[in-house]
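Engineer: Structure incoming, see below.
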Amino acid sequence: MLPSKVVRHKVGLFVPVLLAGLILAACIGQGPQTLNVNIQGMSDYYLQQVQQSCDDSRTDWQLLAIRALMKEEKYPQARQQLNQLPNSLSDTQQQELLLLKSQFLFSQQNVSSALPLLNQLKIDDLSKEQQARYYGLQIAAVQGKPSLALLRAYIAQEPLLSGDDHQKNIDATWQALTQMTPQEASNLVVNVSENTLQDWLNLLNIWRVNAQDGEMLKSALKDWQTRYPQNPAAKTLPTPLSQAQNFTKASTSTIALLLPLNGQAQVFASAIEKGFNDARNGVLNAAPTAPTGEANAVVSPAAASITSADTQWPATAQPAASAAPASGAQINVYDTSSQPIQQVMQQAQQDGATLVVGPLLKKNVEAVANSQTPLNVLALNTPEQIQNHPNICYFALSPEDEARDASHHMWDQGKRHLLLLVPRSSFGDRVVNAFTQEWQKLGGTAPLQQRFGSTVELKQGINSGAGITLSGTPVNTQPAEPQGVTIAGLTIPLPQQESAAPAASGGVDSVYIVSTQDELQLIKPMIAMRAGSRCAASLYASSRSYQAGADPDFRLEMEGLQFSDIPLLSGSNPALMQRAVQLFNNDYSLVRLYAMGIDAWTLANSFNQARQTPGFTIDGNTGKLSTSQDCVINRTLLWSQYRQGEIIPAS
């Protein structure tokens, strides 16, 4: 059998005694024997042995050299050695050659040619190490798409692995499961004999039922391990679930709220604090006559108290979505506009803060992320480069957030030929980049983009009869490198998913418009001027265009257009929406920040769950909130549609 692993101390210094004996025996005509060979960093040594070996062992050395060359990403040399192999091979060598050719083709992202070679392999005749590589290639063939075939390949590979590779297999199996929707998981047809897979699905269900309560999840995991002790995950939990077992509730006895209380950002900070304060005081669930009041103490030396007009609840008020209950926590507000953020953080720590909410401005968030503070921090913005810290989560209302959500919504509706219609500005750049990156992760090609100027320019376009054509230039954004599958130490990039070619003029099936309400009122008829009133392209808009004051004529003009917004402004809590709109004089931008303050209170009270519990989600006022691996709070928005002068949920 082909040697597959040699224990060595220094590359090329000596041939281990056992290997030397094997090769010598091969030269005098003895039959094939089994030996494990470590291929990493050995290509030069193996190639030297190819030149010096007798005919009977030369092919074995060549096969080892090919594996090592691919491990070292020397693919042209690996191809050369593959082409130089003799036609006559033993059955054992032929099996290894099929594996190597498959690995090489996968490394070149040639899946269609690799699969027939895999199908020729006789699995029962392979060594355990070869079987592990075989199932690794089966995993690569699925291209990372969660499916029954992928789960079966991971489960078959698991007992063949050890150490870090074994843990990676467990974690990858869990990731494949959690990427499935509940509907997809329930539709899996599992054979009666597939006990291991069924146990995994039971674990998935336990996680989904208990993910919102860290203590209940810990208890449920222990119970599952007791009931299914033979499952590999019972012996070695997936890393996210292992971390969940260490869950402890974060202290919120003293919260430091860091906001800019002076300057241009003061009005935004006021809205956030008002929402945070109302949620903390239980005003959202209060009786109709309960005033909002102010309870936060401003402790920064230069701080001034922020006071909002007291507003009474309407009699029909309903609780806000997932608002944390009222609390006696001490809230200290610090002004980040009066002194360096480092001093503010030090003061908060000296004052006994157990949790920091804020800061709000991006530059201050970046400074806090780089400060190595020991405090738990729920930042109210995201830095340019996300840093994963075990004590920091990032929560923001950003156009990038909306763009990513829009990409998922449009993809789920079957759209593939997109045009992004955005302002000619850095703001437009941010939207285009975020949308395109997320779109390509879903499997789409770079969409088209078209930029527009001011309302003056748009009006000039209408007056001249120019209109807006559904065409543009492809976004010049490089897709992220595809993830790979590690097979016996060789990392093979997953083949890129095939997707539709970029749309040409006239082939666009959907348009994502990022504009103000006034701009949208000009853009939609300009599209109709060129594409016709029966344009087949579906129109989507961001929350930027949804503001107060839209009259019935506007709603009729927007017929068919879908738009996204936070749940609070999408009718999830009409009483709270009415109150908030009155409180902020119909300024929807401030209402959104008010909702952010409410959700910030809820997230603060669930900080460790958000940070530590896999699958954590909350139905918040700013969206359905979930956490990424870096504890970035992602928001899924609600989508509505204009239909016959009314606003209804988008289908």
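Residues in the structure tokens are named by chain (A, B, ... in the order shown) and by number from 1 within that chain; ligands are numbered from 1 in the order shown.
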List as a PyMOL selection string the protein and nucleic acid residues near A:Val581, meaning an atom at most 9 Å away when only C-alpha atoms are counted, but skip any in the same chain fewer than 4 places from it.
Structural biologist: chain A and resi 548+576-577+585-588+590-591
Engineer: For A:Thr516, find every residue with an atom within 10 Å (counting only C-alpha atoms), except residues of its own chain fewer than 2 positions away, and show them as a PyMOL selection string.
Structural biologist: chain A and resi 423+455+513-514+518-521+541-547
Engineer: With N, CA and C atoms retained, write the just-selected residues as a compact mmCIF listing (two decimals), in the first residue's frame.
Structural biologist:
```txt
# COMPACT_ATOMS: atom_id res chain seq x y z
N PRO A 423 -26.99 57.79 -4.59
CA PRO A 423 -26.44 59.13 -4.77
C PRO A 423 -24.98 59.10 -5.21
N THR A 455 -31.67 66.98 -6.47
CA THR A 455 -33.04 67.07 -6.97
C THR A 455 -33.12 68.04 -8.15
N ILE A 513 -33.19 51.38 -4.77
CA ILE A 513 -33.07 52.84 -4.81
C ILE A 513 -32.79 53.35 -3.40
N VAL A 514 -31.73 54.11 -3.26
CA VAL A 514 -31.39 54.74 -1.98
C VAL A 514 -31.51 56.24 -2.18
N ASP A 518 -38.18 63.11 -1.47
CA ASP A 518 -38.30 64.05 -2.59
C ASP A 518 -37.61 63.49 -3.84
N GLU A 519 -36.45 62.86 -3.65
CA GLU A 519 -35.74 62.29 -4.80
C GLU A 519 -36.51 61.12 -5.40
N LEU A 520 -37.09 60.28 -4.53
CA LEU A 520 -37.83 59.12 -5.02
C LEU A 520 -39.05 59.56 -5.83
N GLN A 521 -39.66 60.67 -5.43
CA GLN A 521 -40.84 61.17 -6.12
C GLN A 521 -40.50 61.60 -7.54
N ALA A 541 -36.75 50.19 -2.15
CA ALA A 541 -36.16 51.42 -1.61
C ALA A 541 -35.76 51.22 -0.16
N SER A 542 -34.83 52.03 0.30
CA SER A 542 -34.39 51.99 1.69
C SER A 542 -35.30 52.86 2.55
N SER A 543 -35.09 52.82 3.85
CA SER A 543 -35.92 53.61 4.77
C SER A 543 -35.67 55.10 4.60
N ARG A 544 -34.61 55.45 3.90
CA ARG A 544 -34.28 56.87 3.68
C ARG A 544 -35.44 57.60 3.01
N SER A 545 -36.23 56.89 2.20
CA SER A 545 -37.32 57.53 1.47
C SER A 545 -38.64 57.49 2.24
N TYR A 546 -38.66 56.81 3.39
CA TYR A 546 -39.92 56.69 4.15
C TYR A 546 -39.91 57.71 5.27
N GLN A 547 -40.62 58.80 5.09
CA GLN A 547 -40.68 59.87 6.07
C GLN A 547 -42.12 60.29 6.27
```
Engineer: Which residue, A:Ala220, A:Leu257, A:Ala446, A:Ala65, has the smallest gap to A:Gln245 when you use only C-alpha atoms?
Structural biologist: A:Ala220
Engineer: I want to know what sits within 12 Å of A:Phe395, based on only C-alpha atoms, with residues of the same chain fewer than 4 positions away left out; could you give that as an NGL selection string?
Structural biologist: :A and (357-362 or 365 or 377-383 or 386 or 401 or 593 or 596-597 or 599-604 or 607 or 610 or 622-623 or 625-628 or 630-635)
Engineer: Which value, in Å to one decimal, gives the distance between atom CA of A:Ala536 and atom CA of A:Gly444?
Structural biologist: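 Atom CA of A:Ala536 sits 20.0 Å away from atom CA of A:Gly444.
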Engineer: Between A:Ala271, A:Leu150, A:Leu561, A:Val192, which one has atoms that come closest to A:Tyr135, using only C-alpha atoms?
Structural biologist: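 With only C-alpha atoms as the atom set, the closest residue is A:Leu150.
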Engineer: Which residue out of A:Met42, A:Val456, A:Leu89, A:Ala537 has the minimum interatomic distance to A:Leu522 when only C-alpha atoms are used?
Structural biologist: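 Checking each candidate against A:Leu522, we get A:Val456 as the closest.
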Engineer: Record the distance separating atom CA of A:Glu384 and atom CA of A:Val368, expressed in Å with one decimal.
Structural biologist: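 Here the two named atoms are 13.0 Å from each other.
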Engineer: Give me, as a compact mmCIF listing (two decimals) with all heavy atoms, in the first residue's frame, all polymer residues having an atom no more than 12 Å from A:Leu470, counting only C-alpha atoms and skipping those fewer than 4 positions away in the same chain.
Structural biologist:
```
# COMPACT_ATOMS: atom_id res chain seq x y z
N HIS A 417 -30.73 39.97 -11.45
CA HIS A 417 -30.15 41.01 -12.33
C HIS A 417 -30.46 42.38 -11.73
O HIS A 417 -31.54 42.93 -11.96
CB HIS A 417 -30.72 40.88 -13.74
CG HIS A 417 -30.47 39.55 -14.37
ND1 HIS A 417 -29.26 39.20 -14.92
CD2 HIS A 417 -31.27 38.47 -14.52
CE1 HIS A 417 -29.33 37.96 -15.39
NE2 HIS A 417 -30.54 37.50 -15.15
N LEU A 418 -29.52 42.91 -10.98
CA LEU A 418 -29.79 44.08 -10.16
C LEU A 418 -29.17 45.36 -10.71
O LEU A 418 -28.11 45.35 -11.33
CB LEU A 418 -29.23 43.89 -8.75
CG LEU A 418 -30.18 43.25 -7.73
CD1 LEU A 418 -30.45 41.81 -8.10
CD2 LEU A 418 -29.57 43.31 -6.35
N LEU A 419 -29.86 46.47 -10.41
CA LEU A 419 -29.32 47.81 -10.61
C LEU A 419 -29.40 48.55 -9.29
O LEU A 419 -30.48 48.61 -8.68
CB LEU A 419 -30.10 48.56 -11.69
CG LEU A 419 -29.76 50.05 -11.85
CD1 LEU A 419 -28.32 50.23 -12.31
CD2 LEU A 419 -30.73 50.73 -12.81
N LEU A 420 -28.29 49.09 -8.84
CA LEU A 420 -28.26 49.92 -7.64
C LEU A 420 -28.31 51.37 -8.07
O LEU A 420 -27.42 51.84 -8.79
CB LEU A 420 -26.99 49.64 -6.82
CG LEU A 420 -26.75 48.19 -6.41
CD1 LEU A 420 -25.44 48.06 -5.64
CD2 LEU A 420 -27.91 47.66 -5.58
N LEU A 421 -29.33 52.09 -7.64
CA LEU A 421 -29.51 53.49 -7.99
C LEU A 421 -29.28 54.30 -6.72
O LEU A 421 -30.12 54.35 -5.82
CB LEU A 421 -30.92 53.71 -8.54
CG LEU A 421 -31.21 54.99 -9.33
CD1 LEU A 421 -30.22 55.17 -10.48
CD2 LEU A 421 -32.63 54.95 -9.87
N PRO A 447 -23.57 43.50 -9.10
CA PRO A 447 -24.71 44.17 -9.74
C PRO A 447 -24.24 45.39 -10.52
O PRO A 447 -23.08 45.79 -10.46
CB PRO A 447 -25.57 44.59 -8.54
CG PRO A 447 -24.61 44.75 -7.41
CD PRO A 447 -23.54 43.71 -7.64
N LEU A 448 -25.17 45.96 -11.27
CA LEU A 448 -24.90 47.21 -11.96
C LEU A 448 -25.16 48.37 -11.01
O LEU A 448 -25.94 48.25 -10.07
CB LEU A 448 -25.80 47.35 -13.19
CG LEU A 448 -25.72 46.25 -14.25
CD1 LEU A 448 -26.72 46.53 -15.37
CD2 LEU A 448 -24.32 46.11 -14.80
N GLN A 449 -24.49 49.48 -11.26
CA GLN A 449 -24.74 50.67 -10.46
C GLN A 449 -24.92 51.88 -11.37
O GLN A 449 -24.33 51.98 -12.44
CB GLN A 449 -23.58 50.94 -9.50
CG GLN A 449 -22.25 51.23 -10.17
CD GLN A 449 -21.20 51.71 -9.19
OE1 GLN A 449 -21.51 52.47 -8.28
NE2 GLN A 449 -19.97 51.26 -9.36
N GLN A 450 -25.78 52.80 -10.92
CA GLN A 450 -25.98 54.07 -11.60
C GLN A 450 -26.12 55.14 -10.52
O GLN A 450 -26.82 54.92 -9.53
CB GLN A 450 -27.22 54.02 -12.50
CG GLN A 450 -27.42 55.27 -13.33
CD GLN A 450 -28.67 55.22 -14.20
OE1 GLN A 450 -29.25 56.25 -14.55
NE2 GLN A 450 -29.12 54.01 -14.54
N ARG A 451 -25.46 56.26 -10.70
CA ARG A 451 -25.49 57.33 -9.71
C ARG A 451 -26.37 58.49 -10.18
O ARG A 451 -26.51 58.74 -11.37
CB ARG A 451 -24.07 57.84 -9.45
CG ARG A 451 -23.05 56.78 -9.02
CD ARG A 451 -23.47 56.07 -7.75
NE ARG A 451 -22.51 55.08 -7.31
CZ ARG A 451 -21.61 55.31 -6.34
NH1 ARG A 451 -21.56 56.51 -5.74
NH2 ARG A 451 -20.77 54.37 -5.98
N ALA A 503 -26.17 41.73 -15.75
CA ALA A 503 -27.25 42.13 -16.63
C ALA A 503 -26.82 43.26 -17.54
O ALA A 503 -26.10 44.16 -17.14
CB ALA A 503 -28.45 42.58 -15.79
N ALA A 504 -27.23 43.21 -18.75
CA ALA A 504 -26.98 44.30 -19.69
C ALA A 504 -28.18 45.23 -19.68
O ALA A 504 -29.18 44.98 -19.02
CB ALA A 504 -26.74 43.74 -21.08
N SER A 505 -28.08 46.31 -20.41
CA SER A 505 -29.19 47.24 -20.51
C SER A 505 -30.44 46.51 -20.98
O SER A 505 -30.41 45.77 -21.95
CB SER A 505 -28.84 48.36 -21.48
OG SER A 505 -29.94 49.23 -21.64
N GLY A 506 -31.53 46.69 -20.25
CA GLY A 506 -32.78 46.04 -20.62
C GLY A 506 -32.98 44.71 -19.94
O GLY A 506 -34.07 44.16 -19.99
N GLY A 507 -31.95 44.15 -19.27
CA GLY A 507 -32.08 42.85 -18.62
C GLY A 507 -32.24 42.94 -17.13
O GLY A 507 -32.23 41.92 -16.45
N VAL A 508 -32.37 44.13 -16.59
CA VAL A 508 -32.49 44.31 -15.14
C VAL A 508 -33.86 43.84 -14.66
O VAL A 508 -34.88 44.19 -15.25
CB VAL A 508 -32.28 45.80 -14.78
CG1 VAL A 508 -32.70 46.07 -13.35
CG2 VAL A 508 -30.83 46.19 -15.01
N ASP A 509 -33.87 43.03 -13.61
CA ASP A 509 -35.15 42.57 -13.07
C ASP A 509 -35.52 43.26 -11.76
O ASP A 509 -36.61 43.05 -11.22
CB ASP A 509 -35.17 41.04 -12.90
CG ASP A 509 -34.15 40.53 -11.89
OD1 ASP A 509 -33.56 41.36 -11.15
OD2 ASP A 509 -33.94 39.30 -11.84
N SER A 510 -34.62 44.07 -11.22
CA SER A 510 -34.90 44.74 -9.95
C SER A 510 -33.97 45.93 -9.77
O SER A 510 -32.84 45.93 -10.27
CB SER A 510 -34.76 43.77 -8.78
OG SER A 510 -33.51 43.10 -8.84
N VAL A 511 -34.47 46.93 -9.04
CA VAL A 511 -33.70 48.16 -8.79
C VAL A 511 -33.79 48.47 -7.30
O VAL A 511 -34.89 48.52 -6.73
CB VAL A 511 -34.25 49.35 -9.60
CG1 VAL A 511 -33.36 50.58 -9.40
CG2 VAL A 511 -34.37 49.01 -11.07
N TYR A 512 -32.62 48.67 -6.67
CA TYR A 512 -32.59 49.10 -5.27
C TYR A 512 -32.25 50.58 -5.25
O TYR A 512 -31.17 50.99 -5.70
CB TYR A 512 -31.55 48.30 -4.48
CG TYR A 512 -31.49 48.67 -3.02
CD1 TYR A 512 -32.64 48.67 -2.23
CD2 TYR A 512 -30.28 49.00 -2.41
CE1 TYR A 512 -32.59 48.99 -0.88
CE2 TYR A 512 -30.22 49.32 -1.06
CZ TYR A 512 -31.38 49.32 -0.30
OH TYR A 512 -31.33 49.65 1.04
N ILE A 513 -33.19 51.38 -4.77
CA ILE A 513 -33.07 52.84 -4.81
C ILE A 513 -32.79 53.35 -3.40
O ILE A 513 -33.53 53.06 -2.46
CB ILE A 513 -34.36 53.49 -5.35
CG1 ILE A 513 -34.75 52.87 -6.69
CG2 ILE A 513 -34.20 54.99 -5.47
CD1 ILE A 513 -36.14 53.26 -7.16
N ILE A 523 -37.53 60.09 -9.13
CA ILE A 523 -36.85 58.94 -9.74
C ILE A 523 -37.85 57.94 -10.32
O ILE A 523 -37.67 57.45 -11.44
CB ILE A 523 -35.94 58.26 -8.70
CG1 ILE A 523 -34.72 59.15 -8.42
CG2 ILE A 523 -35.50 56.88 -9.17
CD1 ILE A 523 -33.86 58.67 -7.27
N LYS A 524 -38.91 57.62 -9.57
CA LYS A 524 -39.83 56.59 -10.05
C LYS A 524 -40.47 56.98 -11.40
O LYS A 524 -40.49 56.17 -12.33
CB LYS A 524 -40.89 56.28 -9.01
CG LYS A 524 -41.72 55.03 -9.35
CD LYS A 524 -42.60 54.62 -8.20
CE LYS A 524 -43.31 53.31 -8.48
NZ LYS A 524 -44.28 53.39 -9.57
N MET A 526 -39.22 58.94 -13.57
CA MET A 526 -38.15 58.98 -14.57
C MET A 526 -37.84 57.57 -15.09
O MET A 526 -37.47 57.40 -16.25
CB MET A 526 -36.91 59.63 -13.98
CG MET A 526 -37.06 61.13 -13.72
SD MET A 526 -35.58 61.88 -13.00
CE MET A 526 -34.49 61.90 -14.43
N ILE A 527 -37.96 56.58 -14.22
CA ILE A 527 -37.78 55.19 -14.67
C ILE A 527 -38.90 54.82 -15.64
O ILE A 527 -38.68 54.20 -16.68
CB ILE A 527 -37.75 54.23 -13.46
CG1 ILE A 527 -36.48 54.46 -12.64
CG2 ILE A 527 -37.83 52.78 -13.92
CD1 ILE A 527 -36.41 53.65 -11.36
N ALA A 528 -40.13 55.23 -15.29
CA ALA A 528 -41.28 54.92 -16.14
C ALA A 528 -41.17 55.61 -17.50
O ALA A 528 -41.63 55.08 -18.52
CB ALA A 528 -42.57 55.34 -15.45
N MET A 529 -40.52 56.79 -17.53
CA MET A 529 -40.36 57.52 -18.79
C MET A 529 -39.58 56.70 -19.82
O MET A 529 -39.87 56.74 -21.01
CB MET A 529 -39.63 58.86 -18.54
CG MET A 529 -40.49 59.91 -17.86
SD MET A 529 -39.52 61.39 -17.42
CE MET A 529 -39.07 61.96 -19.06
N ARG A 530 -38.58 55.96 -19.34
CA ARG A 530 -37.73 55.19 -20.26
C ARG A 530 -38.14 53.73 -20.38
O ARG A 530 -38.04 53.12 -21.44
CB ARG A 530 -36.26 55.27 -19.80
CG ARG A 530 -35.67 56.65 -19.87
CD ARG A 530 -35.65 57.19 -21.30
NE ARG A 530 -34.83 56.38 -22.17
CZ ARG A 530 -33.53 56.61 -22.39
NH1 ARG A 530 -32.94 57.63 -21.80
NH2 ARG A 530 -32.84 55.84 -23.20
N ALA A 531 -38.59 53.14 -19.25
CA ALA A 531 -38.90 51.72 -19.25
C ALA A 531 -40.37 51.45 -19.54
O ALA A 531 -40.75 50.30 -19.80
CB ALA A 531 -38.51 51.09 -17.91
N GLY A 532 -41.20 52.48 -19.45
CA GLY A 532 -42.62 52.27 -19.67
C GLY A 532 -43.36 52.04 -18.37
O GLY A 532 -42.77 51.59 -17.38
N CYS A 535 -43.16 48.50 -16.68
CA CYS A 535 -41.78 48.01 -16.50
C CYS A 535 -41.79 46.72 -15.68
O CYS A 535 -42.43 46.63 -14.63
CB CYS A 535 -40.95 49.08 -15.80
SG CYS A 535 -39.31 48.54 -15.32
N ALA A 536 -41.06 45.73 -16.16
CA ALA A 536 -41.04 44.42 -15.49
C ALA A 536 -40.14 44.40 -14.27
O ALA A 536 -40.23 43.50 -13.43
CB ALA A 536 -40.59 43.33 -16.47
N ALA A 537 -39.26 45.39 -14.15
CA ALA A 537 -38.32 45.41 -13.03
C ALA A 537 -39.04 45.78 -11.73
O ALA A 537 -39.83 46.73 -11.69
CB ALA A 537 -37.19 46.40 -13.31
N SER A 538 -38.77 45.06 -10.67
CA SER A 538 -39.33 45.37 -9.36
C SER A 538 -38.49 46.47 -8.72
O SER A 538 -37.26 46.48 -8.84
CB SER A 538 -39.33 44.13 -8.47
OG SER A 538 -40.09 43.10 -9.06
N LEU A 539 -39.16 47.38 -8.00
CA LEU A 539 -38.47 48.51 -7.38
C LEU A 539 -38.45 48.34 -5.87
O LEU A 539 -39.48 48.00 -5.25
CB LEU A 539 -39.16 49.83 -7.75
CG LEU A 539 -39.28 50.15 -9.24
CD1 LEU A 539 -39.90 51.52 -9.43
CD2 LEU A 539 -37.93 50.06 -9.94
```
Engineer: So how far away is atom CA of A:Ala369 from atom CA of A:Gln385, in Å?
Structural biologist: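 Distance between the two atoms: 10.0 Å.
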Engineer: Any chance you could list, as a compact mmCIF listing (two decimals) with N, CA and C atoms, in the first residue's frame, the residues in stretch 330-463 of chain A that come up helix (DSSP H, G or I) when DSSP is run on the backbone?
Structural biologist:
```txt
# COMPACT_ATOMS: atom_id res chain seq x y z
N ILE A 341 -12.07 60.34 24.95
CA ILE A 341 -12.82 59.14 25.30
C ILE A 341 -12.08 58.28 26.31
N GLN A 342 -10.74 58.32 26.27
CA GLN A 342 -9.97 57.53 27.24
C GLN A 342 -10.25 57.99 28.67
N GLN A 343 -10.36 59.31 28.86
CA GLN A 343 -10.65 59.83 30.19
C GLN A 343 -12.07 59.48 30.62
N VAL A 344 -12.99 59.51 29.67
CA VAL A 344 -14.38 59.14 29.99
C VAL A 344 -14.44 57.69 30.45
N MET A 345 -13.75 56.80 29.74
CA MET A 345 -13.76 55.39 30.12
C MET A 345 -13.13 55.17 31.49
N GLN A 346 -12.05 55.88 31.76
CA GLN A 346 -11.40 55.76 33.07
C GLN A 346 -12.35 56.22 34.17
N GLN A 347 -13.04 57.34 33.93
CA GLN A 347 -13.96 57.86 34.93
C GLN A 347 -15.10 56.88 35.18
N ALA A 348 -15.62 56.29 34.11
CA ALA A 348 -16.70 55.32 34.25
C ALA A 348 -16.25 54.13 35.08
N GLN A 349 -15.03 53.66 34.83
CA GLN A 349 -14.51 52.52 35.58
C GLN A 349 -14.33 52.88 37.05
N GLN A 350 -13.81 54.09 37.32
CA GLN A 350 -13.62 54.52 38.71
C GLN A 350 -14.95 54.66 39.43
N LYS A 362 -18.08 57.14 15.58
CA LYS A 362 -17.22 56.07 15.08
C LYS A 362 -15.79 56.17 15.60
N LYS A 363 -15.23 57.39 15.59
CA LYS A 363 -13.84 57.54 16.02
C LYS A 363 -13.66 57.13 17.49
N ASN A 364 -14.67 57.41 18.32
CA ASN A 364 -14.58 57.02 19.72
C ASN A 364 -14.74 55.52 19.90
N VAL A 365 -15.60 54.91 19.07
CA VAL A 365 -15.75 53.45 19.12
C VAL A 365 -14.42 52.79 18.78
N GLU A 366 -13.75 53.29 17.76
CA GLU A 366 -12.45 52.73 17.37
C GLU A 366 -11.44 52.88 18.49
N ALA A 367 -11.46 54.02 19.18
CA ALA A 367 -10.53 54.24 20.29
C ALA A 367 -10.81 53.27 21.44
N VAL A 368 -12.08 53.04 21.75
CA VAL A 368 -12.43 52.10 22.81
C VAL A 368 -12.04 50.68 22.42
N ALA A 369 -12.27 50.32 21.16
CA ALA A 369 -11.91 48.97 20.70
C ALA A 369 -10.42 48.73 20.80
N PRO A 399 -26.54 52.67 7.03
CA PRO A 399 -27.02 52.35 5.69
C PRO A 399 -26.45 51.04 5.17
N GLU A 400 -25.23 50.69 5.63
CA GLU A 400 -24.66 49.41 5.24
C GLU A 400 -25.52 48.25 5.75
N ASP A 401 -26.00 48.41 6.99
CA ASP A 401 -26.88 47.41 7.59
C ASP A 401 -28.11 47.20 6.72
N GLU A 402 -28.73 48.29 6.32
CA GLU A 402 -29.92 48.21 5.47
C GLU A 402 -29.61 47.59 4.12
N ALA A 403 -28.45 47.94 3.56
CA ALA A 403 -28.09 47.42 2.24
C ALA A 403 -27.91 45.90 2.30
N ARG A 404 -27.28 45.42 3.35
CA ARG A 404 -27.10 43.97 3.48
C ARG A 404 -28.45 43.27 3.65
N ASP A 405 -29.33 43.87 4.44
CA ASP A 405 -30.66 43.29 4.61
C ASP A 405 -31.41 43.29 3.28
N ALA A 406 -31.28 44.37 2.50
CA ALA A 406 -31.95 44.44 1.20
C ALA A 406 -31.45 43.36 0.26
N SER A 407 -30.16 43.08 0.29
CA SER A 407 -29.61 42.05 -0.60
C SER A 407 -30.24 40.70 -0.30
N HIS A 408 -30.43 40.39 0.97
CA HIS A 408 -31.06 39.12 1.34
C HIS A 408 -32.53 39.10 0.91
N HIS A 409 -33.22 40.21 1.13
CA HIS A 409 -34.65 40.26 0.78
C HIS A 409 -34.84 40.08 -0.73
N MET A 410 -34.04 40.75 -1.52
CA MET A 410 -34.18 40.67 -2.97
C MET A 410 -33.74 39.30 -3.49
N TRP A 411 -32.70 38.75 -2.89
CA TRP A 411 -32.26 37.40 -3.28
C TRP A 411 -33.35 36.38 -2.99
N ASP A 412 -33.96 36.49 -1.80
CA ASP A 412 -35.02 35.55 -1.42
C ASP A 412 -36.24 35.67 -2.33
N SER A 426 -19.98 59.79 -1.19
CA SER A 426 -19.35 58.74 -0.38
C SER A 426 -20.41 57.89 0.31
N PHE A 427 -21.54 58.50 0.62
CA PHE A 427 -22.66 57.74 1.19
C PHE A 427 -23.11 56.66 0.22
N GLY A 428 -23.25 57.03 -1.05
CA GLY A 428 -23.61 56.05 -2.07
C GLY A 428 -22.57 54.96 -2.21
N ASP A 429 -21.29 55.32 -2.08
CA ASP A 429 -20.20 54.33 -2.15
C ASP A 429 -20.36 53.28 -1.06
N ARG A 430 -20.68 53.73 0.15
CA ARG A 430 -20.82 52.82 1.28
C ARG A 430 -21.95 51.82 1.04
N VAL A 431 -23.06 52.33 0.52
CA VAL A 431 -24.21 51.46 0.26
C VAL A 431 -23.87 50.43 -0.81
N VAL A 432 -23.25 50.89 -1.90
CA VAL A 432 -22.92 49.99 -3.01
C VAL A 432 -21.97 48.89 -2.54
N ASN A 433 -20.95 49.27 -1.81
CA ASN A 433 -19.96 48.28 -1.37
C ASN A 433 -20.58 47.25 -0.43
N ALA A 434 -21.38 47.71 0.54
CA ALA A 434 -21.99 46.77 1.49
C ALA A 434 -22.96 45.84 0.79
N PHE A 435 -23.80 46.39 -0.09
CA PHE A 435 -24.77 45.56 -0.82
C PHE A 435 -24.06 44.52 -1.67
N THR A 436 -23.06 44.96 -2.42
CA THR A 436 -22.38 44.06 -3.36
C THR A 436 -21.65 42.94 -2.64
N GLN A 437 -20.97 43.27 -1.56
CA GLN A 437 -20.24 42.24 -0.82
C GLN A 437 -21.19 41.18 -0.29
N GLU A 438 -22.34 41.61 0.24
CA GLU A 438 -23.31 40.64 0.77
C GLU A 438 -23.94 39.85 -0.37
N TRP A 439 -24.21 40.53 -1.49
CA TRP A 439 -24.82 39.88 -2.65
C TRP A 439 -23.91 38.78 -3.18
N GLN A 440 -22.62 39.04 -3.22
CA GLN A 440 -21.68 38.04 -3.73
C GLN A 440 -21.53 36.88 -2.76
N LYS A 441 -21.68 37.13 -1.47
CA LYS A 441 -21.67 36.03 -0.50
C LYS A 441 -22.84 35.09 -0.75
N LEU A 442 -23.96 35.65 -1.20
CA LEU A 442 -25.14 34.84 -1.48
C LEU A 442 -25.00 34.05 -2.78
N THR A 455 -31.67 66.98 -6.47
CA THR A 455 -33.04 67.07 -6.97
C THR A 455 -33.12 68.04 -8.15
N VAL A 456 -32.24 69.03 -8.14
CA VAL A 456 -32.20 69.98 -9.27
C VAL A 456 -31.84 69.24 -10.56
N GLU A 457 -30.83 68.38 -10.47
CA GLU A 457 -30.43 67.60 -11.65
C GLU A 457 -31.54 66.66 -12.09
N LEU A 458 -32.21 66.04 -11.12
CA LEU A 458 -33.29 65.12 -11.46
C LEU A 458 -34.43 65.86 -12.15
N LYS A 459 -34.77 67.04 -11.66
CA LYS A 459 -35.83 67.82 -12.29
C LYS A 459 -35.45 68.22 -13.71
N GLN A 460 -34.17 68.54 -13.90
CA GLN A 460 -33.71 68.88 -15.25
C GLN A 460 -33.87 67.67 -16.18
N GLY A 461 -33.61 66.48 -15.64
CA GLY A 461 -33.77 65.27 -16.43
C GLY A 461 -35.22 65.04 -16.84
N ILE A 462 -36.15 65.32 -15.92
CA ILE A 462 -37.57 65.19 -16.25
C ILE A 462 -37.97 66.20 -17.31
N ASN A 463 -37.52 67.45 -17.13
CA ASN A 463 -37.90 68.52 -18.07
C ASN A 463 -37.36 68.26 -19.48
```
